[in-house]
Every structure is written in structure tokens, then in C-alpha cells.
>>> print(open('upload.cif').read())   # mmCIF, C-alpha atoms
data_protein
#
loop_
_atom_site.group_PDB
_atom_site.id
_atom_site.type_symbol
_atom_site.label_atom_id
_atom_site.label_comp_id
_atom_site.auth_asym_id
_atom_site.auth_seq_id
_atom_site.Cartn_x
_atom_site.Cartn_y
_atom_site.Cartn_z
ATOM 1 C CA MET A 1021 20.018 0.280 19.061
ATOM 2 C CA THR A 1022 18.077 -2.487 20.786
ATOM 3 C CA SER A 1023 16.501 -5.739 19.707
ATOM 4 C CA THR A 1024 12.903 -6.543 20.435
ATOM 5 C CA GLN A 1025 11.787 -10.121 20.664
ATOM 6 C CA ASP A 1026 12.492 -12.141 17.502
ATOM 7 C CA LEU A 1027 12.922 -10.257 14.188
ATOM 8 C CA GLN A 1028 12.618 -6.525 14.950
ATOM 9 C CA THR A 1029 15.373 -4.077 15.891
ATOM 10 C CA VAL A 1030 14.658 -0.684 17.436
ATOM 11 C CA VAL A 1031 17.037 1.756 15.729
ATOM 12 C CA ALA A 1032 15.514 4.993 17.080
ATOM 13 C CA GLU A 1033 12.997 5.999 19.721
ATOM 14 C CA HIS A 1034 10.837 9.063 20.277
ATOM 15 C CA GLU A 1035 7.886 9.928 22.508
ATOM 16 C CA ARG A 1036 5.644 9.347 19.469
ATOM 17 C CA GLY A 1037 6.952 5.860 18.723
ATOM 18 C CA ARG A 1038 9.950 4.003 17.350
ATOM 19 C CA VAL A 1039 11.843 3.350 14.139
ATOM 20 C CA ILE A 1040 11.923 -0.397 13.654
ATOM 21 C CA ALA A 1041 14.308 -2.168 11.274
ATOM 22 C CA ILE A 1042 13.169 -5.495 9.855
ATOM 23 C CA ASP A 1043 14.847 -7.759 7.329
ATOM 24 C CA SER A 1044 11.575 -8.738 5.655
ATOM 25 C CA ALA A 1045 8.217 -7.035 5.280
ATOM 26 C CA TYR A 1046 6.682 -10.176 6.729
ATOM 27 C CA ASP A 1047 8.359 -9.408 10.078
ATOM 28 C CA VAL A 1048 5.960 -6.536 10.822
ATOM 29 C CA ASP A 1049 3.389 -7.284 13.517
ATOM 30 C CA ASP A 1050 0.807 -5.781 15.871
ATOM 31 C CA ARG A 1051 3.489 -4.103 18.001
ATOM 32 C CA ASN A 1052 3.983 -1.590 15.178
ATOM 33 C CA THR A 1053 0.348 -0.579 14.723
ATOM 34 C CA GLY A 1054 -0.245 3.159 14.809
ATOM 35 C CA ARG A 1055 3.084 4.135 16.345
ATOM 36 C CA ASP A 1056 6.198 2.894 14.543
ATOM 37 C CA VAL A 1057 8.010 3.715 11.327
ATOM 38 C CA VAL A 1058 9.016 0.438 9.727
ATOM 39 C CA VAL A 1059 12.262 0.238 7.728
ATOM 40 C CA SER A 1060 12.308 -2.970 5.752
ATOM 41 C CA ALA A 1061 14.913 -4.648 3.546
ATOM 42 C CA SER A 1062 12.176 -6.038 1.286
ATOM 43 C CA TYR A 1063 11.213 -4.607 -2.074
ATOM 44 C CA SER A 1064 8.380 -2.070 -2.052
ATOM 45 C CA GLY A 1065 5.893 -3.729 -4.352
ATOM 46 C CA VAL A 1066 2.191 -4.139 -3.680
ATOM 47 C CA LEU A 1067 2.544 -7.571 -2.058
ATOM 48 C CA PRO A 1068 4.875 -6.532 0.803
ATOM 49 C CA ALA A 1069 3.008 -3.238 1.115
ATOM 50 C CA ARG A 1070 -0.180 -5.182 1.814
ATOM 51 C CA PHE A 1071 1.446 -7.010 4.715
ATOM 52 C CA VAL A 1072 2.936 -3.844 6.202
ATOM 53 C CA ALA A 1073 -0.183 -1.733 5.644
ATOM 54 C CA ASP A 1074 -2.356 -4.282 7.435
ATOM 55 C CA ARG A 1075 -0.580 -3.184 10.645
ATOM 56 C CA ARG A 1076 -1.121 0.530 9.881
ATOM 57 C CA PRO A 1077 2.344 1.757 10.924
ATOM 58 C CA ARG A 1078 3.096 5.471 11.193
ATOM 59 C CA GLY A 1079 5.291 5.204 8.087
ATOM 60 C CA ALA A 1080 7.125 2.695 5.902
ATOM 61 C CA ILE A 1081 10.438 2.589 4.058
ATOM 62 C CA GLY A 1082 11.528 -0.321 1.856
ATOM 63 C CA LEU A 1083 13.834 -0.959 -1.100
ATOM 64 C CA ASP A 1084 13.286 -0.034 -4.731
ATOM 65 C CA CYS A 1085 15.019 -3.223 -5.949
ATOM 66 C CA GLY A 1086 15.874 -1.625 -9.263
ATOM 67 C CA ILE A 1087 12.233 -0.573 -9.768
ATOM 68 C CA GLY A 1088 11.849 -2.982 -12.708
ATOM 69 C CA PRO A 1089 9.190 -3.350 -15.417
ATOM 70 C CA GLU A 1090 5.991 -1.405 -14.785
ATOM 71 C CA GLY A 1091 7.531 0.023 -11.604
ATOM 72 C CA ALA A 1092 6.793 -3.222 -9.764
ATOM 73 C CA GLY A 1093 9.597 -2.669 -7.251
ATOM 74 C CA ILE A 1094 8.056 0.568 -5.949
ATOM 75 C CA ALA A 1095 4.342 0.117 -6.757
ATOM 76 C CA GLY A 1096 3.546 -0.252 -3.063
ATOM 77 C CA LEU A 1097 4.223 3.469 -2.595
ATOM 78 C CA TRP A 1098 0.868 4.271 -4.154
ATOM 79 C CA PHE A 1099 -0.862 1.447 -2.296
ATOM 80 C CA TYR A 1100 0.323 3.126 0.906
ATOM 81 C CA GLU A 1101 -0.617 6.552 -0.425
ATOM 82 C CA ALA A 1102 -4.215 5.477 -1.042
ATOM 83 C CA LEU A 1103 -4.373 4.479 2.634
ATOM 84 C CA GLY A 1104 -2.803 7.732 3.831
ATOM 85 C CA ILE A 1105 0.431 6.059 4.948
ATOM 86 C CA PRO A 1106 3.648 7.995 4.212
ATOM 87 C CA ALA A 1107 6.166 5.774 2.466
ATOM 88 C CA ALA A 1108 9.502 5.930 0.666
ATOM 89 C CA THR A 1109 11.998 3.607 -0.977
ATOM 90 C CA ALA A 1110 15.752 3.311 -0.606
ATOM 91 C CA ASP A 1111 18.143 2.920 -3.535
ATOM 92 C CA VAL A 1112 19.062 -0.759 -3.500
ATOM 93 C CA SER A 1113 22.552 -0.118 -4.871
ATOM 94 C CA GLY A 1114 23.716 1.377 -1.568
ATOM 95 C CA VAL A 1115 22.416 -1.175 0.924
ATOM 96 C CA LEU A 1116 22.493 -4.850 1.850
ATOM 97 C CA LEU A 1117 19.435 -6.752 0.699
ATOM 98 C CA GLY A 1118 17.782 -8.566 3.576
ATOM 99 C CA ASP A 1119 19.404 -6.379 6.283
ATOM 100 C CA GLY A 1120 16.980 -3.793 7.659
ATOM 101 C CA VAL A 1121 19.513 -2.254 10.023
ATOM 102 C CA ASP A 1122 21.879 -1.638 7.121
ATOM 103 C CA VAL A 1123 19.069 -0.011 5.130
ATOM 104 C CA HIS A 1124 18.465 2.363 8.030
ATOM 105 C CA ARG A 1125 22.172 3.074 8.510
ATOM 106 C CA ASN A 1126 23.330 3.403 4.887
ATOM 107 C CA GLY A 1127 20.275 3.859 2.695
ATOM 108 C CA ARG A 1128 19.404 6.874 0.559
ATOM 109 C CA VAL A 1129 15.850 7.684 -0.470
ATOM 110 C CA SER A 1130 15.110 7.065 -4.153
ATOM 111 C CA ARG A 1131 11.339 7.602 -4.353
ATOM 112 C CA VAL A 1132 8.606 9.021 -2.086
ATOM 113 C CA ASN A 1133 4.834 9.033 -2.153
ATOM 114 C CA ALA A 1134 2.855 12.247 -1.777
ATOM 115 C CA VAL A 1135 2.114 11.648 1.901
ATOM 116 C CA ALA A 1136 5.797 11.233 2.743
ATOM 117 C CA ALA A 1137 6.642 14.288 0.644
ATOM 118 C CA ALA A 1138 4.154 16.258 2.755
ATOM 119 C CA CYS A 1139 6.212 15.223 5.794
ATOM 120 C CA GLY A 1140 9.336 16.696 4.203
ATOM 121 C CA VAL A 1141 10.953 13.512 2.887
ATOM 122 C CA THR A 1142 12.935 14.114 -0.301
ATOM 123 C CA VAL A 1143 14.852 12.034 -2.826
ATOM 124 C CA GLY A 1144 18.517 11.720 -1.827
ATOM 125 C CA MET A 1145 17.833 12.056 1.900
ATOM 126 C CA ALA A 1146 19.447 9.551 4.250
ATOM 127 C CA VAL A 1147 16.979 6.828 5.239
ATOM 128 C CA ALA A 1148 17.722 7.483 8.918
ATOM 129 C CA ASP A 1149 16.737 11.130 8.479
ATOM 130 C CA ALA A 1150 13.658 10.237 6.447
ATOM 131 C CA ALA A 1151 12.529 7.755 9.094
ATOM 132 C CA HIS A 1152 12.957 10.408 11.791
ATOM 133 C CA LEU A 1153 10.787 12.827 9.810
ATOM 134 C CA LEU A 1154 8.076 10.223 9.345
ATOM 135 C CA LEU A 1155 8.165 9.488 13.065
ATOM 136 C CA THR A 1156 8.003 13.106 14.214
ATOM 137 C CA THR A 1157 5.963 14.831 11.491
ATOM 138 C CA ASP A 1158 2.322 14.583 10.550
ATOM 139 C CA PRO A 1159 1.503 15.343 6.895
ATOM 140 C CA ALA A 1160 -0.718 18.374 6.465
ATOM 141 C CA ALA A 1161 -4.325 17.297 6.203
ATOM 142 C CA GLN A 1162 -5.707 18.008 2.730
ATOM 143 C CA ALA A 1163 -9.088 17.495 1.192
ATOM 144 C CA PRO A 1164 -8.942 15.809 -2.239
ATOM 145 C CA SER A 1165 -9.932 19.068 -3.922
ATOM 146 C CA GLU A 1166 -6.955 20.800 -2.288
ATOM 147 C CA ILE A 1167 -4.267 18.379 -3.435
ATOM 148 C CA THR A 1168 -2.913 20.500 -6.259
ATOM 149 C CA ASN A 1169 0.849 20.086 -5.830
ATOM 150 C CA ARG A 1170 1.362 23.445 -7.539
ATOM 151 C CA THR A 1171 4.989 24.237 -8.314
ATOM 152 C CA VAL A 1172 6.237 27.353 -10.085
ATOM 153 C CA VAL A 1173 9.113 26.278 -12.331
ATOM 154 C CA GLU A 1174 9.734 29.442 -14.350
ATOM 155 C CA GLN A 1175 8.960 33.125 -13.963
ATOM 156 C CA GLY A 1176 8.131 35.192 -17.029
ATOM 157 C CA PRO A 1177 7.304 38.737 -18.093
ATOM 158 C CA GLY A 1178 4.322 40.621 -16.745
ATOM 159 C CA GLY A 1179 4.028 38.487 -13.629
ATOM 160 C CA ARG A 1180 3.398 35.344 -15.652
ATOM 161 C CA ALA A 1181 4.814 31.947 -14.692
ATOM 162 C CA VAL A 1182 4.987 28.316 -15.718
ATOM 163 C CA VAL A 1183 3.090 26.362 -13.069
ATOM 164 C CA CYS A 1184 3.079 22.576 -12.766
ATOM 165 C CA THR A 1185 0.044 20.912 -11.263
ATOM 166 C CA ASP A 1186 -1.220 17.364 -11.555
ATOM 167 C CA SER A 1187 -4.538 18.046 -13.297
ATOM 168 C CA ILE A 1188 -6.028 20.854 -15.342
ATOM 169 C CA ALA A 1189 -8.901 20.638 -12.845
ATOM 170 C CA PHE A 1190 -6.502 22.112 -10.272
ATOM 171 C CA GLY A 1191 -6.216 25.423 -12.096
ATOM 172 C CA THR A 1192 -7.097 28.543 -10.086
ATOM 173 C CA PRO A 1193 -8.527 31.974 -10.898
ATOM 174 C CA ALA A 1194 -4.962 33.317 -10.560
ATOM 175 C CA ASP A 1195 -3.995 31.365 -13.699
ATOM 176 C CA ARG A 1196 -6.502 33.129 -15.919
ATOM 177 C CA ASP A 1197 -4.743 34.845 -18.844
ATOM 178 C CA THR A 1198 -1.537 34.754 -16.771
ATOM 179 C CA ASN A 1199 0.123 31.386 -16.225
ATOM 180 C CA VAL A 1200 1.183 28.507 -18.424
ATOM 181 C CA LEU A 1201 -0.163 25.343 -16.817
ATOM 182 C CA VAL A 1202 1.779 22.101 -17.256
ATOM 183 C CA THR A 1203 -0.446 19.260 -16.114
ATOM 184 C CA ALA A 1204 -0.709 15.488 -16.363
ATOM 185 C CA GLY A 1205 -4.215 14.442 -17.367
ATOM 186 C CA HIS A 1206 -5.306 13.681 -20.926
ATOM 187 C CA THR A 1207 -6.512 16.401 -23.286
ATOM 188 C CA GLY A 1208 -9.725 14.773 -24.432
ATOM 189 C CA ARG A 1209 -13.045 16.572 -24.539
ATOM 190 C CA SER A 1210 -13.529 16.266 -20.757
ATOM 191 C CA SER A 1211 -10.576 18.642 -20.272
ATOM 192 C CA VAL A 1212 -12.286 21.407 -22.264
ATOM 193 C CA PRO A 1213 -14.595 22.768 -19.524
ATOM 194 C CA TYR A 1214 -11.595 23.201 -17.193
ATOM 195 C CA LEU A 1215 -9.484 24.870 -19.866
ATOM 196 C CA ARG A 1216 -12.335 27.273 -20.582
ATOM 197 C CA LYS A 1217 -12.945 27.869 -16.885
ATOM 198 C CA PHE A 1218 -9.347 28.785 -16.025
ATOM 199 C CA ARG A 1219 -8.248 30.159 -19.430
ATOM 200 C CA PRO A 1220 -4.479 29.846 -18.844
ATOM 201 C CA HIS A 1221 -2.045 31.889 -20.899
ATOM 202 C CA GLY A 1222 -0.954 28.532 -22.338
ATOM 203 C CA PHE A 1223 -1.151 24.883 -21.390
ATOM 204 C CA ILE A 1224 0.555 21.535 -21.779
ATOM 205 C CA CYS A 1225 -1.270 18.357 -20.802
ATOM 206 C CA SER A 1226 -0.765 14.661 -21.605
ATOM 207 C CA ASP A 1227 -2.047 12.924 -24.714
ATOM 208 C CA GLY A 1228 -3.106 9.989 -22.506
ATOM 209 C CA GLY A 1229 -1.811 7.554 -25.083
ATOM 210 C CA ARG A 1230 -3.947 9.334 -27.701
ATOM 211 C CA GLY A 1231 -6.725 6.708 -27.867
ATOM 212 C CA ARG A 1232 -8.994 5.897 -30.772
ATOM 213 C CA ASP A 1233 -9.399 8.685 -33.316
ATOM 214 C CA ASP A 1234 -6.825 10.759 -31.368
ATOM 215 C CA SER A 1235 -9.460 11.406 -28.720
ATOM 216 C CA GLY A 1236 -6.740 12.033 -26.138
ATOM 217 C CA VAL A 1237 -5.729 15.270 -27.878
ATOM 218 C CA ALA A 1238 -9.136 16.379 -29.144
ATOM 219 C CA GLY A 1239 -9.275 19.291 -26.707
ATOM 220 C CA LEU A 1240 -6.394 21.049 -28.455
ATOM 221 C CA ALA A 1241 -8.467 21.944 -31.497
ATOM 222 C CA ILE A 1242 -11.643 22.645 -29.526
ATOM 223 C CA VAL A 1243 -10.110 25.324 -27.293
ATOM 224 C CA GLU A 1244 -8.156 26.898 -30.115
ATOM 225 C CA ALA A 1245 -11.424 28.665 -30.998
ATOM 226 C CA ASP A 1246 -11.240 30.193 -27.497
ATOM 227 C CA GLY A 1247 -7.791 31.587 -28.200
ATOM 228 C CA LEU A 1248 -5.993 29.060 -25.991
ATOM 229 C CA ALA A 1249 -2.545 27.892 -27.106
ATOM 230 C CA GLY A 1250 -1.755 24.370 -26.002
ATOM 231 C CA ALA A 1251 0.168 21.181 -26.544
ATOM 232 C CA THR A 1252 0.398 17.642 -25.222
ATOM 233 C CA VAL A 1253 3.225 15.406 -24.084
ATOM 234 C CA ASP A 1254 3.569 11.794 -25.169
ATOM 235 C CA ALA A 1255 2.185 9.692 -22.310
ATOM 236 C CA ARG A 1256 5.037 7.236 -22.854
ATOM 237 C CA THR A 1257 7.565 9.885 -21.809
ATOM 238 C CA ALA A 1258 6.015 11.327 -18.630
ATOM 239 C CA MET A 1259 4.033 10.025 -15.695
ATOM 240 C CA MET A 1260 0.279 10.452 -15.865
ATOM 241 C CA GLY A 1261 -0.932 12.391 -12.835
ATOM 242 C CA ASP A 1262 2.413 14.099 -12.177
ATOM 243 C CA GLY A 1263 2.674 17.614 -13.597
ATOM 244 C CA LEU A 1264 6.341 17.917 -12.686
ATOM 245 C CA SER A 1265 7.067 14.783 -14.708
ATOM 246 C CA SER A 1266 5.235 16.293 -17.682
ATOM 247 C CA TYR A 1267 7.503 19.323 -17.409
ATOM 248 C CA ARG A 1268 10.779 17.547 -16.695
ATOM 249 C CA ASP A 1269 10.404 14.383 -18.769
ATOM 250 C CA GLY A 1270 7.705 15.078 -21.332
ATOM 251 C CA VAL A 1271 8.212 15.244 -25.080
ATOM 252 C CA ILE A 1272 5.662 17.163 -27.139
ATOM 253 C CA SER A 1273 3.423 14.880 -29.195
ATOM 254 C CA ALA A 1274 0.827 17.347 -30.538
ATOM 255 C CA ARG A 1275 0.024 21.062 -30.492
ATOM 256 C CA ASN A 1276 -2.635 23.371 -31.834
ATOM 257 C CA THR A 1277 -1.903 26.059 -34.387
ATOM 258 C CA LEU A 1278 -1.714 28.812 -31.745
ATOM 259 C CA ALA A 1279 1.059 26.917 -29.962
ATOM 260 C CA ALA A 1280 2.739 26.173 -33.278
ATOM 261 C CA ALA A 1281 2.772 29.905 -34.012
ATOM 262 C CA CYS A 1282 4.849 30.327 -30.816
ATOM 263 C CA GLY A 1283 7.424 27.852 -32.115
ATOM 264 C CA VAL A 1284 6.190 24.751 -30.265
ATOM 265 C CA GLU A 1285 7.069 21.655 -32.286
ATOM 266 C CA VAL A 1286 6.382 17.932 -32.009
ATOM 267 C CA GLY A 1287 9.440 16.218 -30.529
ATOM 268 C CA MET A 1288 10.425 19.256 -28.444
ATOM 269 C CA ALA A 1289 11.099 18.940 -24.712
ATOM 270 C CA ALA A 1290 8.062 20.066 -22.721
ATOM 271 C CA ARG A 1291 10.104 22.510 -20.640
ATOM 272 C CA ASP A 1292 11.229 24.267 -23.841
ATOM 273 C CA ALA A 1293 7.661 24.368 -25.146
ATOM 274 C CA ALA A 1294 6.447 25.819 -21.849
ATOM 275 C CA HIS A 1295 9.060 28.564 -22.082
ATOM 276 C CA LEU A 1296 7.861 29.480 -25.579
ATOM 277 C CA LEU A 1297 4.240 29.605 -24.420
ATOM 278 C CA LEU A 1298 5.269 31.785 -21.490
ATOM 279 C CA GLN A 1299 6.771 34.330 -23.881
ATOM 280 C CA ARG A 1300 3.658 34.327 -26.074
#
>>> encode(input="upload.cif", output="C-alpha cells")
Amino acid sequence: MTSTQDLQTVVAEHERGRVIAIDSAYDVDDRNTGRDVVVSASYSGVLPARFVADRRPRGAIGLDCGIGPEGAGIAGLWFYEALGIPAATADVSGVLLGDGVDVHRNGRVSRVNAVAAACGVTVGMAVADAAHLLLTTDPAAQAPSEITNRTVVEQGPGGRAVVCTDSIAFGTPADRDTNVLVTAGHTGRSSVPYLRKFRPHGFICSDGGRGRDDSGVAGLAIVEADGLAGATVDARTAMMGDGLSSYRDGVISARNTLAAACGVEVGMAARDAAHLLLQR
């Protein structure tokens, strides 16, 4: 461990760059551009993320600071993600606020953005290990149309499965009449062409907060005429844009009669509803 001039401490080195510990996000500077992973003892909101991202480091890790209302303590993760910068947060309960070296030494990852996840960073990982991954690993390059984040969460009869993906637009021909898709966009009329295109064995999307005249669930009734059984989760219970959150956290808010015939009920956990649709 070595100190650079003023407020940065080198806690790890590699031929690709360094891991730098800083006590405040404002301590980042031009020395870190394009090469270093910055571990900061600041919160990971949009404001500190702006300062760090201006230097375009190889990666960034900050604190979650209890996350707080509207996710303000970690909102910078998605600011970084939009710029293609892998980033994670450390659980504030296990570290010293204002001590970047301690965050590196004792921190545990609490949240990651998609770019960091593509580097192999996972929740619960030691910050030191996460920083090493960000320093030594490049996320797989993906075109926007390829970012499907497909995860099989349950296998069923006849080769069927429950598959989580972040949008119904990310369905594939393999889902047709086979898989139950659990996704995270709203189920308004704009979802209908995708549901008809991929014709999943069953589906669960978000209600998007329902909207005026229940427009956020209008697709349920429309595709029922196509023989598609589906339901929605309450947008207040699961993260929009995160299919795994729909599956793990979602609570059913509406369903069409085909899904109801399978036993899907309003108020049911989404994972239980998905299982029923899988057995349909």
C-alpha cells in the first residue's frame, strides 16, 4: 500500500492500472483517467458519480449510505452504467465513512450495475476482490439489442422453463409456446406486438403503475384472445426494468382469465404465479 501525492492511496497495482482508495469522491483527478479503479468512501449518488465519471476511471466503488428514499444513495450506479463504467456500492454498515482504505479493506458489495455484473462482481463480494475484478476484467461488449439478461429460474415439464428477462421485447423464438417469461416493462398496448411475436407459454410483466383507465394492464385482455395467459406485478413491489426483481419481489396486481384459470390470484407472489403458469 503506497500513498500518492495528497489524497490518494494506491491499495493494489496491476499492469493494467491501479486500485486507488480515496476518502471523498472529490479527490479523484486526472491521474485516474482510463486506468484506475477508484474506491471512494463517499455515497454513490448522482452528484459524486458526476465528479468521478468526469475522469473516466476503469471502475468505481462507493458507499450505499443506507440507500435512502428513492435510492438516492446508490443512484449513481445507473449514471455510471449509462456511460459504460462498471460500478458497485459497499454496505455502509461494515466500513468507516470517510476512510477509503477501510472501505477497500473491510467493505462488502451491496449493489452492482449491469456493467460491473458483466465483469463478475456480485453482491456480498469483498470490495478488494470486486476492485481487482474491475481492474483486470473487461465487460463483454454487447449491442443494446443483445442486453437481455436472461436467467432461467425454474425448469418445468416438457422442456419448459420460467425465464426472467428485463423486457418482453427480449423474448426469443425459443420461448414460443414453451417458456413463461417474467419481465419488467408495462403491459400496455405497446407490449401486445411482442407478446404476439414470441407467444410465450405464459407471461408476467409489470403494471407500470397502471396509469389512467388501467392502460398499464390493457395488454392482458387483448392477448387473451390469442390464447396467452398472463399477469402483472404491482410496480410498487418490483423494480421496473429488472425481470429478476419482478420474479423475486413482485406481487400480482392483475391477471387475465386464462391465468386465473391456472390459479393465479391478485396478491400472490410472482414466483408462485410463474410456477402455476409453467404447469399450465
>>> resolve_selection(input="upload.cif", expression="the PyMOL selection byres ((chain A and resi 1118-1121) around 6)", output="list in words")
Ala1041, Ile1042, Asp1043, Ser1060, Ala1061, Leu1116, Leu1117, Asp1122, Val1123 and His1124 of chain A
>>> atom_distance(input="upload.cif", atom1="CA of Val1030 in chain A", atom2="CA of Leu1154 in chain A")
15.1 Å
>>> residues_around(input="upload.cif", residues="range 1053-1057 of chain A", least_positions_apart="2", cutoff="8 Å", atoms="all atoms listed in the file", output="PyMOL selection string")
chain A and resi 1036-1040+1049-1051+1059+1075-1081+1151+1154-1155
>>> residues_near_point(input="upload.cif", point="(9.2, 15.0, -18.2)", cutoff="9 Å", atoms="all atoms listed in the file", output="ChimeraX atom specification")
/A:1253,1257-1259,1263-1271,1289-1291
>>> atom_distance(input="upload.cif", atom1="CA of Ile1242 in chain A", atom2="CA of Ile1224 in chain A")
14.5 Å
>>> resolve_selection(input="upload.cif", expression="the PyMOL selection byres ((chain A and resi 1178) around 12)", output="VMD selection string")
chain A and resid 1175 to 1177 1179 to 1181 1197 to 1199 1221 1298 to 1300
>>> residues_around(input="upload.cif", residues="Ala1148 in chain A", least_positions_apart="5", cutoff="9 Å", atoms="all atoms listed in the file", output="list in words")
Val1031, Ala1032, Val1039, Val1123, His1124, Arg1125, Asn1126, Gly1127, Arg1128 and Leu1153 of chain A
>>> closest_residue(input="upload.cif", among="A:Gly1283, A:Pro1106, A:Gly1088, A:Gly1208", to="Cys1139 in chain A", atoms="only C-alpha atoms")
A:Pro1106
